[in-house]
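Chemist: Next comes my_file39.txt, compact mmCIF, C-alpha atoms and all ligand atoms:
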# COMPACT_ATOMS: atom_id res chain seq x y z
CA MET A 296 -11.24 11.89 -19.37
CA GLY A 297 -14.99 11.43 -19.02
CA LYS A 298 -17.57 10.26 -21.53
CA LEU A 299 -19.97 12.58 -23.34
CA ILE A 300 -23.17 10.70 -24.09
CA SER A 301 -26.12 12.18 -26.01
CA ILE A 302 -29.47 10.60 -25.15
CA ALA A 303 -31.44 10.89 -28.39
CA SER A 304 -34.50 9.71 -30.29
CA GLY A 305 -36.62 10.44 -33.33
CA LYS A 306 -39.88 11.21 -31.54
CA GLY A 307 -40.75 13.04 -28.34
CA GLY A 308 -42.13 11.13 -25.40
CA THR A 309 -40.04 7.99 -25.94
CA GLY A 310 -38.34 8.33 -22.55
CA LYS A 311 -35.12 10.32 -23.14
CA THR A 312 -35.53 12.40 -19.99
CA THR A 313 -36.51 9.32 -17.99
CA VAL A 314 -33.43 7.46 -19.26
CA THR A 315 -31.15 10.46 -18.61
CA SER A 316 -32.31 10.96 -15.02
CA ASN A 317 -32.30 7.29 -14.05
CA LEU A 318 -29.02 6.52 -15.76
CA ALA A 319 -27.42 9.51 -14.02
CA ILE A 320 -28.49 8.28 -10.59
CA ALA A 321 -27.65 4.64 -11.40
CA LEU A 322 -24.13 5.63 -12.51
CA GLY A 323 -23.82 7.75 -9.38
CA LYS A 324 -24.75 4.68 -7.32
CA LEU A 325 -21.92 2.84 -9.06
CA GLY A 326 -19.54 5.48 -7.72
CA LYS A 327 -19.15 7.52 -10.92
CA GLN A 328 -19.15 11.32 -10.95
CA VAL A 329 -22.03 12.27 -13.22
CA ILE A 330 -23.52 15.43 -14.66
CA ALA A 331 -26.88 15.44 -16.43
CA VAL A 332 -27.42 18.35 -18.81
CA ASP A 333 -30.86 19.57 -19.87
CA ALA A 334 -30.17 20.37 -23.51
CA ASP A 335 -33.85 20.29 -24.51
CA LEU A 336 -33.98 24.07 -24.69
CA THR A 337 -37.62 24.49 -25.67
CA MET A 338 -39.25 21.59 -23.75
CA ALA A 339 -37.04 21.39 -20.69
CA ASN A 340 -38.16 19.13 -17.84
CA LEU A 341 -35.07 17.31 -16.56
CA SER A 342 -34.87 19.41 -13.38
CA LEU A 343 -38.55 18.73 -12.72
CA VAL A 344 -38.07 14.95 -12.81
CA MET A 345 -34.88 15.23 -10.73
CA GLY A 346 -36.58 17.32 -8.03
CA LEU A 347 -34.66 20.58 -8.53
CA ASP A 348 -37.27 23.31 -8.53
CA ASP A 349 -35.43 26.43 -7.39
CA ALA A 350 -32.69 26.90 -9.97
CA ASP A 351 -31.91 30.59 -10.60
CA VAL A 352 -29.20 30.09 -13.18
CA THR A 353 -29.75 27.80 -16.15
CA ILE A 354 -28.05 26.69 -19.34
CA HIS A 355 -30.04 29.41 -21.12
CA ASP A 356 -28.23 32.09 -19.10
CA VAL A 357 -24.88 30.54 -20.02
CA LEU A 358 -25.84 30.42 -23.72
CA SER A 359 -26.98 34.04 -23.72
CA GLY A 360 -23.76 35.13 -21.98
CA ASP A 361 -25.54 36.23 -18.79
CA ALA A 362 -23.92 33.65 -16.49
CA ASN A 363 -20.85 31.48 -16.07
CA LEU A 364 -21.10 27.75 -16.57
CA ASP A 365 -20.02 26.99 -12.99
CA ASP A 366 -23.00 28.93 -11.66
CA ALA A 367 -25.39 26.69 -13.64
CA ILE A 368 -24.00 23.46 -12.14
CA TYR A 369 -26.07 22.19 -9.20
CA SER A 370 -25.13 19.27 -7.01
CA LEU A 371 -28.09 17.15 -5.98
CA PRO A 372 -27.64 16.14 -2.33
CA ASN A 373 -30.32 13.45 -2.51
CA PHE A 374 -28.49 11.60 -5.27
CA ASP A 375 -24.89 10.54 -4.61
CA ASN A 376 -22.32 11.87 -7.08
CA VAL A 377 -24.96 13.43 -9.36
CA HIS A 378 -24.92 17.00 -10.68
CA LEU A 379 -27.34 18.80 -12.96
CA ILE A 380 -27.37 21.71 -15.38
CA PRO A 381 -31.02 22.78 -15.59
CA ALA A 382 -32.73 24.67 -18.40
CA ALA A 383 -35.22 27.50 -18.26
CA VAL A 384 -38.86 26.95 -19.12
CA ASP A 385 -39.96 30.53 -19.87
CA TRP A 386 -40.01 31.86 -23.41
CA GLU A 387 -38.07 35.05 -22.53
CA HIS A 388 -35.00 32.93 -21.74
CA VAL A 389 -35.58 30.57 -24.66
CA ILE A 390 -35.49 33.28 -27.33
CA LYS A 391 -32.25 34.78 -25.95
CA ALA A 392 -30.32 31.49 -26.07
CA ASP A 393 -28.72 30.25 -29.30
CA PRO A 394 -28.67 26.42 -29.29
CA ARG A 395 -25.61 26.41 -31.58
CA GLY A 396 -23.53 27.34 -28.53
CA LEU A 397 -24.30 24.05 -26.78
CA PRO A 398 -21.22 22.01 -27.87
CA GLU A 399 -18.84 24.71 -26.67
CA ILE A 400 -20.46 24.69 -23.23
CA ILE A 401 -20.99 20.96 -22.83
CA LYS A 402 -17.85 19.34 -24.27
CA PRO A 403 -15.39 20.69 -21.64
CA LEU A 404 -17.49 19.06 -18.88
CA LYS A 405 -15.78 15.76 -19.67
CA GLU A 406 -12.68 17.10 -17.97
CA LYS A 407 -14.52 17.27 -14.63
CA PHE A 408 -16.96 14.36 -14.70
CA ASP A 409 -16.81 10.63 -15.49
CA TYR A 410 -20.09 10.79 -17.39
CA VAL A 411 -21.81 13.76 -19.04
CA LEU A 412 -25.36 12.74 -19.99
CA ILE A 413 -27.04 15.07 -22.45
CA ASP A 414 -30.85 15.06 -22.49
CA CYS A 415 -31.59 16.05 -26.10
CA PRO A 416 -34.71 17.24 -27.93
CA ALA A 417 -36.27 14.81 -30.41
CA GLY A 418 -35.75 14.94 -34.16
CA LEU A 419 -33.19 16.54 -36.43
CA GLN A 420 -33.87 20.27 -36.19
CA ILE A 421 -31.06 22.68 -35.36
CA ASP A 422 -31.72 22.64 -31.60
CA ALA A 423 -31.72 18.83 -31.51
CA MET A 424 -28.63 18.60 -33.75
CA SER A 425 -26.72 21.09 -31.61
CA ALA A 426 -27.56 19.16 -28.45
CA MET A 427 -26.74 15.75 -29.95
CA LEU A 428 -23.47 16.94 -31.49
CA SER A 429 -22.35 18.07 -28.03
CA GLY A 430 -21.74 14.39 -27.29
CA GLU A 431 -19.08 12.00 -28.55
CA GLU A 432 -21.26 8.93 -28.06
CA ALA A 433 -25.00 8.45 -28.50
CA LEU A 434 -27.51 6.32 -26.66
CA MET A 435 -30.68 6.02 -28.70
CA VAL A 436 -34.08 5.60 -27.04
CA THR A 437 -37.03 4.01 -28.77
CA ASN A 438 -40.36 2.39 -27.97
CA PRO A 439 -41.41 -1.00 -29.38
CA GLU A 440 -43.49 0.54 -32.15
CA ILE A 441 -42.57 0.60 -35.83
CA SER A 442 -42.74 4.33 -36.59
CA CYS A 443 -40.81 5.12 -33.42
CA ILE A 444 -38.11 2.61 -34.34
CA ALA A 445 -37.91 4.01 -37.90
CA ASP A 446 -37.53 7.60 -36.67
CA THR A 447 -34.92 6.75 -34.04
CA MET A 448 -32.99 4.77 -36.65
CA LYS A 449 -32.94 7.83 -38.93
CA VAL A 450 -31.45 9.95 -36.16
CA GLY A 451 -28.89 7.23 -35.40
CA ILE A 452 -27.76 7.18 -39.03
CA VAL A 453 -27.30 10.97 -39.05
CA LEU A 454 -25.31 10.86 -35.80
CA LYS A 455 -23.04 8.11 -37.13
CA LYS A 456 -22.39 10.19 -40.26
CA ALA A 457 -21.61 13.19 -38.04
CA GLY A 458 -18.91 11.14 -36.33
CA LEU A 459 -20.54 10.09 -33.08
CA ALA A 460 -20.00 6.57 -31.77
CA VAL A 461 -23.54 5.22 -31.55
CA LEU A 462 -23.39 2.86 -28.56
CA GLY A 463 -26.75 1.26 -29.25
CA PHE A 464 -30.35 1.65 -28.19
CA VAL A 465 -32.68 1.27 -25.25
CA LEU A 466 -36.06 -0.33 -25.87
CA ASN A 467 -38.26 1.61 -23.46
CA ARG A 468 -41.87 0.97 -22.38
CA TYR A 469 -41.73 -2.66 -23.42
CA GLY A 470 -44.78 -4.74 -22.55
CA ARG A 471 -47.42 -2.03 -22.85
CA SER A 472 -49.23 -3.63 -25.78
CA ILE A 473 -49.59 -7.07 -27.35
CA ASN A 474 -48.56 -5.43 -30.62
CA ASP A 475 -45.11 -4.48 -29.29
CA ILE A 476 -42.25 -5.19 -31.67
CA PRO A 477 -40.19 -7.98 -30.02
CA PRO A 478 -36.67 -6.99 -28.89
CA GLU A 479 -34.85 -9.22 -31.38
CA ILE A 480 -36.79 -7.76 -34.32
CA ALA A 481 -36.18 -4.24 -33.01
CA GLU A 482 -32.45 -4.99 -32.81
CA ASP A 483 -32.36 -6.43 -36.35
CA THR A 484 -34.18 -3.38 -37.69
CA MET A 485 -32.14 -0.79 -35.80
CA GLU A 486 -28.83 -2.33 -36.93
CA MET A 487 -27.19 -1.36 -33.65
CA PRO A 488 -26.84 -3.21 -30.33
CA LEU A 489 -29.79 -3.46 -27.96
CA LEU A 490 -28.30 -2.27 -24.66
CA GLY A 491 -31.30 -2.61 -22.39
CA ILE A 492 -35.03 -3.27 -22.22
CA ILE A 493 -36.94 -1.02 -19.83
CA PRO A 494 -40.41 -2.42 -19.12
CA GLU A 495 -43.56 -0.37 -18.97
CA ASP A 496 -43.70 0.23 -15.23
CA ARG A 497 -46.09 2.52 -13.38
CA ALA A 498 -43.43 3.04 -10.70
CA ILE A 499 -41.46 4.98 -13.35
CA ARG A 500 -44.32 7.40 -13.87
CA GLU A 501 -44.89 7.69 -10.11
CA GLY A 502 -41.21 8.52 -9.63
CA THR A 503 -41.47 11.17 -12.37
CA LEU A 504 -44.37 12.79 -10.53
CA GLU A 505 -42.48 12.76 -7.21
CA GLY A 506 -39.30 14.25 -8.68
CA ILE A 507 -37.42 11.12 -7.60
CA PRO A 508 -36.38 8.85 -10.49
CA VAL A 509 -37.42 5.23 -10.03
CA VAL A 510 -33.92 3.85 -9.32
CA LEU A 511 -34.13 5.74 -6.03
CA TYR A 512 -37.90 6.01 -5.61
CA LYS A 513 -38.52 2.24 -5.80
CA PRO A 514 -35.20 0.43 -6.28
CA ASP A 515 -36.93 -2.96 -6.26
CA ALA A 516 -39.30 -2.12 -9.13
CA GLU A 517 -38.63 -3.94 -12.40
CA GLY A 518 -38.00 -0.62 -14.15
CA ALA A 519 -35.39 0.38 -11.55
CA LYS A 520 -33.54 -2.93 -11.90
CA ALA A 521 -33.54 -2.53 -15.68
CA PHE A 522 -31.94 0.93 -15.33
CA MET A 523 -29.22 -0.46 -13.01
CA ASP A 524 -28.48 -3.17 -15.61
CA LEU A 525 -28.33 -0.48 -18.30
CA ALA A 526 -25.86 1.55 -16.20
CA ASN A 527 -23.58 -1.47 -15.85
CA GLU A 528 -23.76 -2.05 -19.59
CA ILE A 529 -22.88 1.60 -20.29
CA VAL A 530 -19.88 1.37 -17.95
CA ARG A 531 -18.79 -1.75 -19.83
CA ILE A 532 -19.02 -0.37 -23.36
CA SER A 533 -18.74 3.42 -23.19
CA GLY A 534 -15.41 4.71 -24.40
CA VAL A 535 -14.43 1.49 -26.14
CA LYS A 536 -15.96 2.22 -29.54
CA SER A 537 -14.87 5.86 -29.59
CA LYS A 538 -11.31 4.74 -28.85
CA VAL A 539 -11.41 2.67 -32.03
CA MET A 540 -13.04 5.47 -34.05
CA TYR A 541 -10.87 8.43 -33.09
P1 LIG B 601 -38.99 12.29 -23.65
O1 LIG B 601 -37.95 12.94 -22.80
O2 LIG B 601 -38.39 11.37 -24.66
O3 LIG B 601 -39.93 13.27 -24.28
P2 LIG B 601 -40.02 11.34 -21.11
O4 LIG B 601 -38.83 10.70 -20.49
O5 LIG B 601 -40.40 12.70 -20.62
O6 LIG B 601 -39.89 11.35 -22.70
O7 LIG B 601 -41.24 10.32 -20.90
C1 LIG B 601 -42.56 10.66 -21.23
C2 LIG B 601 -43.54 10.10 -20.18
O8 LIG B 601 -43.51 8.68 -20.21
C3 LIG B 601 -43.19 10.49 -18.75
O9 LIG B 601 -44.38 10.79 -18.07
C4 LIG B 601 -42.57 9.24 -18.16
O10 LIG B 601 -42.79 9.11 -16.75
C5 LIG B 601 -43.27 8.13 -18.93
N1 LIG B 601 -42.43 6.94 -19.08
C6 LIG B 601 -41.21 6.88 -19.70
N2 LIG B 601 -40.74 5.63 -19.68
C7 LIG B 601 -41.67 4.86 -19.04
C8 LIG B 601 -41.76 3.46 -18.69
N3 LIG B 601 -40.80 2.59 -19.02
N4 LIG B 601 -42.87 3.05 -18.02
C9 LIG B 601 -43.84 3.93 -17.70
N5 LIG B 601 -43.83 5.23 -17.99
C10 LIG B 601 -42.75 5.71 -18.65
MG MG B 602 -37.49 14.97 -22.58
Once you've parsed the file, please lay out its structure as structure tokens.
Ligand code: ADP
Ligand code: MG
Modeler:
Amino acid sequence: MGKLISIASGKGGTGKTTVTSNLAIALGKLGKQVIAVDADLTMANLSLVMGLDDADVTIHDVLSGDANLDDAIYSLPNFDNVHLIPAAVDWEHVIKADPRGLPEIIKPLKEKFDYVLIDCPAGLQIDAMSAMLSGEEALMVTNPEISCIADTMKVGIVLKKAGLAVLGFVLNRYGRSINDIPPEIAEDTMEMPLLGIIPEDRAIREGTLEGIPVVLYKPDAEGAKAFMDLANEIVRISGVKSKVMY
């Protein structure tokens, strides 16, 4: 049985989509069968950063009952072992899709894939909650800034209460400012394990623009190496905590 991992944070722009796309490809490189799901129904951009620009059928069509799930699953030939469920970006599709249907669609994917990575919206509104509760484990993403850490912590607490196994957090965009909260202080504050530090790296942004996540775009970049380390850490710990909890 595969792992269902929600990629979540308190604020937007912390790097959830960047983490989802790079982790998916990194896990694929490690030989795992992966599916990345764009569950950010109102601000979807996972397919953009993964270079899929001609998707006819999306998760919105599945939610509105206009398509079957299998028709919304795309394999990405440029990335070994990686599949993607894209989301629509136009408002007409958004208003027809009820986010509360997400868990029912996403949870069964663990029967077909080793890792189901769920790119969630930020915050605690109904669309974000529905996306996050589609997972069994959560990977929190924060930046080294106090309000960002506080907000991501809040979301982590809610997810724990809801029964998810919170694996820990990723400190993303580290090294951008001299005022960055140091990793050890972030870990103390978050009260959950620090699973990886992703540096501020312009190669990450370049990869985003090219539609090729950095682990493939520039595998030797510091950001790419950090994502490979994170993937190895996820392989090591995912599934262990939830086995104890359930
Ligand atoms: P979210 O999904 O949480 O809203 P994104 O993953 O879309 O955030 O990231 C927002 C922007 O920040 C993107 O343009 C992305 O390329 C950039 N970004 C994310 N992480 C890094 C990093 N470590 N270094 C440089 N740029 C980054
Ligand atoms: Mg995003």
Chemist: Please produce, as CSV, a per-residue contact table for segment 335-357 of chain A versus segment 309-329 of chain A (criterion: any atom at most 8 Å away, only C-alpha atoms considered), showing the nearest atom pair and its distance in Å to one decimal, sorted by chain then residue number.
Modeler:
residue,atom,partner,partner_atom,distance
A:Asn340,CA,A:Thr312,CA,7.5
A:Leu341,CA,A:Thr312,CA,6.0
A:Val344,CA,A:Ser316,CA,7.3
A:Met345,CA,A:Ser316,CA,6.6
Chemist: What is the atom CA of Gly470 of chain A-atom CA of Thr503 of chain A distance in Å, reported with one decimal?
Modeler: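 Computing the Euclidean distance for atom CA of Gly470 of chain A and atom CA of Thr503 of chain A yields 19.2 Å.
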Chemist: If you take only C-alpha atoms and all ligand atoms and a cut-off of 8 Å, which residues of chain A touch ligand LIG 601 (chain B), and what are their nearest atom pairs and distances in Å to one decimal, in chain and number order, as a tab-separated table?
Modeler:
residue	atom	partner	partner_atom	distance
A:Ala303	CA	B:LIG601	O2	7.9
A:Ser304	CA	B:LIG601	O2	7.0
A:Lys306	CA	B:LIG601	O2	7.0
A:Gly307	CA	B:LIG601	O3	4.1
A:Gly308	CA	B:LIG601	O3	3.3
A:Thr309	CA	B:LIG601	O2	4.0
A:Gly310	CA	B:LIG601	O4	3.2
A:Lys311	CA	B:LIG601	O2	3.8
A:Thr312	CA	B:LIG601	O4	3.7
A:Thr313	CA	B:LIG601	O4	3.7
A:Val314	CA	B:LIG601	O4	6.4
A:Thr315	CA	B:LIG601	O4	7.9
A:Asn340	CA	B:LIG601	O5	7.4
A:Asp414	CA	B:LIG601	O1	7.4
A:Cys415	CA	B:LIG601	O1	7.8
A:Pro416	CA	B:LIG601	O1	7.4
A:Ala417	CA	B:LIG601	O2	7.0
A:Val436	CA	B:LIG601	O2	7.6
A:Asn467	CA	B:LIG601	N3	5.2
A:Arg468	CA	B:LIG601	N3	3.9
A:Tyr469	CA	B:LIG601	N3	6.9
A:Ile493	CA	B:LIG601	N3	5.3
A:Pro494	CA	B:LIG601	N3	5.0
A:Glu495	CA	B:LIG601	N4	3.6
A:Asp496	CA	B:LIG601	N4	4.1
A:Arg497	CA	B:LIG601	C9	5.1
A:Ala498	CA	B:LIG601	C9	7.1
A:Ile499	CA	B:LIG601	C9	5.1
A:Arg500	CA	B:LIG601	O10	3.7
A:Glu501	CA	B:LIG601	O10	7.1
A:Gly502	CA	B:LIG601	O10	7.3
A:Thr503	CA	B:LIG601	O10	5.0
A:Leu504	CA	B:LIG601	O10	7.4
A:Gly518	CA	B:LIG601	N3	6.5
Chemist: Could you take the residues named above and write them with C-alpha atoms, as an mmCIF file, in the coordinates of the input?
Modeler:
data_model
loop_
_atom_site.group_PDB
_atom_site.id
_atom_site.type_symbol
_atom_site.label_atom_id
_atom_site.label_comp_id
_atom_site.auth_asym_id
_atom_site.auth_seq_id
_atom_site.Cartn_x
_atom_site.Cartn_y
_atom_site.Cartn_z
ATOM 1 C CA ALA A 303 -31.440 10.890 -28.390
ATOM 2 C CA SER A 304 -34.500 9.710 -30.290
ATOM 3 C CA LYS A 306 -39.880 11.210 -31.540
ATOM 4 C CA GLY A 307 -40.750 13.040 -28.340
ATOM 5 C CA GLY A 308 -42.130 11.130 -25.400
ATOM 6 C CA THR A 309 -40.040 7.990 -25.940
ATOM 7 C CA GLY A 310 -38.340 8.330 -22.550
ATOM 8 C CA LYS A 311 -35.120 10.320 -23.140
ATOM 9 C CA THR A 312 -35.530 12.400 -19.990
ATOM 10 C CA THR A 313 -36.510 9.320 -17.990
ATOM 11 C CA VAL A 314 -33.430 7.460 -19.260
ATOM 12 C CA THR A 315 -31.150 10.460 -18.610
ATOM 13 C CA ASN A 340 -38.160 19.130 -17.840
ATOM 14 C CA ASP A 414 -30.850 15.060 -22.490
ATOM 15 C CA CYS A 415 -31.590 16.050 -26.100
ATOM 16 C CA PRO A 416 -34.710 17.240 -27.930
ATOM 17 C CA ALA A 417 -36.270 14.810 -30.410
ATOM 18 C CA VAL A 436 -34.080 5.600 -27.040
ATOM 19 C CA ASN A 467 -38.260 1.610 -23.460
ATOM 20 C CA ARG A 468 -41.870 0.970 -22.380
ATOM 21 C CA TYR A 469 -41.730 -2.660 -23.420
ATOM 22 C CA ILE A 493 -36.940 -1.020 -19.830
ATOM 23 C CA PRO A 494 -40.410 -2.420 -19.120
ATOM 24 C CA GLU A 495 -43.560 -0.370 -18.970
ATOM 25 C CA ASP A 496 -43.700 0.230 -15.230
ATOM 26 C CA ARG A 497 -46.090 2.520 -13.380
ATOM 27 C CA ALA A 498 -43.430 3.040 -10.700
ATOM 28 C CA ILE A 499 -41.460 4.980 -13.350
ATOM 29 C CA ARG A 500 -44.320 7.400 -13.870
ATOM 30 C CA GLU A 501 -44.890 7.690 -10.110
ATOM 31 C CA GLY A 502 -41.210 8.520 -9.630
ATOM 32 C CA THR A 503 -41.470 11.170 -12.370
ATOM 33 C CA LEU A 504 -44.370 12.790 -10.530
ATOM 34 C CA GLY A 518 -38.000 -0.620 -14.150
#
Chemist: Closest to ligand MG 602 (chain B) among A:Ile390, A:Ala350, A:Leu358, A:Ala423, using only C-alpha atoms and all ligand atoms?
Modeler: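 For ligand MG 602 (chain B), the nearest of the candidates is A:Ala423.
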Chemist: Please indicate the distance in Å from atom CA of Ile330 of chain A to atom CA of Asp351 of chain A, rounded to one decimal place.
Modeler: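 About the pair atom CA of Ile330 of chain A and atom CA of Asp351 of chain A: they are 17.8 Å apart.
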Chemist: Using only C-alpha atoms, pick whichever of A:Ala516, A:Val510, A:Leu397, A:Ile444 has the shortest atom-to-atom distance to Ala481 of chain A.
Modeler: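 Nearest candidate to Ala481 of chain A out of A:Ala516, A:Val510, A:Leu397, A:Ile444: A:Ile444.
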Chemist: Would you compute the distance between atom CA of Ser429 of chain A and atom CA of Lys402 of chain A? Give it in Å to one decimal.
Modeler: 6.0 Å
Chemist: Measuring atom to atom with only C-alpha atoms, identify which of A:Asn438, A:Pro508, A:Gly346, A:Ile492 is nearest to Ala521 of chain A.
Modeler: A:Ile492
Chemist: Point out the residue among A:Pro398, A:Gly418, A:Val352, A:Gly360 with the least atom-to-atom distance to ligand MG 602 (chain B), counting all atoms listed in the file.
Modeler: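 Checking each candidate against ligand MG 602 (chain B), we get A:Gly418 as the closest.
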Chemist: Find the spatial neighbours of Asn363 of chain A, counting only C-alpha atoms, within a cut-off of 10 Å - ignore same-chain residues fewer than 3 positions away - and output them as a PDB file with C-alpha atoms, in the coordinates of the input.
Modeler:
ATOM      1  CA  VAL A 352     -29.200  30.090 -13.180  1.00  0.00           C
ATOM      2  CA  THR A 353     -29.750  27.800 -16.150  1.00  0.00           C
ATOM      3  CA  ILE A 354     -28.050  26.690 -19.340  1.00  0.00           C
ATOM      4  CA  ASP A 356     -28.230  32.090 -19.100  1.00  0.00           C
ATOM      5  CA  VAL A 357     -24.880  30.540 -20.020  1.00  0.00           C
ATOM      6  CA  LEU A 358     -25.840  30.420 -23.720  1.00  0.00           C
ATOM      7  CA  GLY A 360     -23.760  35.130 -21.980  1.00  0.00           C
ATOM      8  CA  ASP A 366     -23.000  28.930 -11.660  1.00  0.00           C
ATOM      9  CA  ALA A 367     -25.390  26.690 -13.640  1.00  0.00           C
ATOM     10  CA  ILE A 368     -24.000  23.460 -12.140  1.00  0.00           C
ATOM     11  CA  ILE A 400     -20.460  24.690 -23.230  1.00  0.00           C
TER      12      ILE A 400
END
Chemist: Excluding Leu379 of chain A and residues on its chain fewer than 6 positions from it, collect all residues at most 8 Å away from it, counting all atoms listed in the file, and give them as a ChimeraX atom specification.
Modeler: /A:330-333,342,368-371
Chemist: Taking only C-alpha atoms into account, name the residue in A:Gly305, A:Leu412, A:Ile401, A:His355 that is nearest to Asp446 of chain A.
Modeler: A:Gly305
Chemist: Between A:Asp335, A:Glu486, A:Asp348, A:Glu479, which is the closest to ligand MG 602 (chain B) once you count all atoms listed in the file?
Modeler: A:Asp335
Chemist: Per residue of segment 332-430 of chain A within 9 Å of segment 451-459 of chain A, record the nearest atom pair and its distance in Å to one decimal, counting all atoms listed in the file, with rows in chain order and ascending residue number, as CSV.
Modeler:
residue,atom,partner,partner_atom,distance
A:Leu419,CA,A:Val453,CA,8.5
A:Met424,CA,A:Leu454,CA,8.7
A:Met427,CA,A:Leu454,CA,7.8
A:Leu428,CA,A:Leu459,CA,7.6
A:Gly430,CA,A:Leu459,CA,7.3
Chemist: Would you list the contacts of Ile441 of chain A as a list in words, taking every protein, DNA or RNA residue within 12 Å and counting only C-alpha atoms, but skipping same-chain residues closer than 2 positions in sequence?
Modeler: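 These residues fall inside the cut-off: Gly305, Lys306, Thr437, Asn438, Pro439, Cys443, Ile444, Ala445, Asp446, Thr447, Met448, Leu466, Asn474, Asp475, Ile476, Pro477, Pro478, Ile480, Ala481, Glu482, Thr484 and Met485 of chain A.
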Chemist: Write a file for segment 381-421 of chain A of the given structure; include C-alpha atoms and format it as a CSV table (one decimal), in the first residue's frame.
Modeler:
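In the end it all went to decode18.csv:
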chain,number,residue,atom,x,y,z
A,381,PRO,CA,-3.7,18.5,-13.0
A,382,ALA,CA,-6.3,21.0,-12.0
A,383,ALA,CA,-8.2,23.6,-14.1
A,384,VAL,CA,-7.4,27.3,-13.9
A,385,ASP,CA,-10.6,28.8,-15.3
A,386,TRP,CA,-13.4,29.9,-13.0
A,387,GLU,CA,-16.1,28.0,-14.9
A,388,HIS,CA,-14.5,24.7,-13.8
A,389,VAL,CA,-13.7,26.0,-10.3
A,390,ILE,CA,-17.3,26.9,-9.4
A,391,LYS,CA,-18.6,23.5,-10.6
A,392,ALA,CA,-16.2,21.5,-8.4
A,393,ASP,CA,-16.9,20.8,-4.7
A,394,PRO,CA,-13.6,20.5,-2.8
A,395,ARG,CA,-15.3,18.2,-0.2
A,396,GLY,CA,-15.1,15.4,-2.8
A,397,LEU,CA,-11.3,15.4,-2.8
A,398,PRO,CA,-10.6,12.7,-0.1
A,399,GLU,CA,-12.9,10.2,-2.0
A,400,ILE,CA,-11.0,10.8,-5.2
A,401,ILE,CA,-7.5,10.9,-3.8
A,402,LYS,CA,-7.4,8.2,-1.1
A,403,PRO,CA,-7.8,5.2,-3.4
A,404,LEU,CA,-4.7,6.3,-5.4
A,405,LYS,CA,-2.6,4.7,-2.7
A,406,GLU,CA,-3.6,1.3,-4.1
A,407,LYS,CA,-1.8,2.1,-7.4
A,408,PHE,CA,1.2,4.2,-6.4
A,409,ASP,CA,4.0,4.1,-3.9
A,410,TYR,CA,3.6,7.8,-3.1
A,411,VAL,CA,0.7,10.1,-3.6
A,412,LEU,CA,1.8,13.7,-3.1
A,413,ILE,CA,-1.0,16.2,-2.5
A,414,ASP,CA,-0.2,19.8,-3.4
A,415,CYS,CA,-2.6,21.7,-1.0
A,416,PRO,CA,-3.8,25.3,-0.7
A,417,ALA,CA,-2.6,27.3,2.2
A,418,GLY,CA,-4.5,27.9,5.4
A,419,LEU,CA,-7.4,26.3,7.1
A,420,GLN,CA,-10.4,27.1,4.9
A,421,ILE,CA,-12.7,24.3,3.6
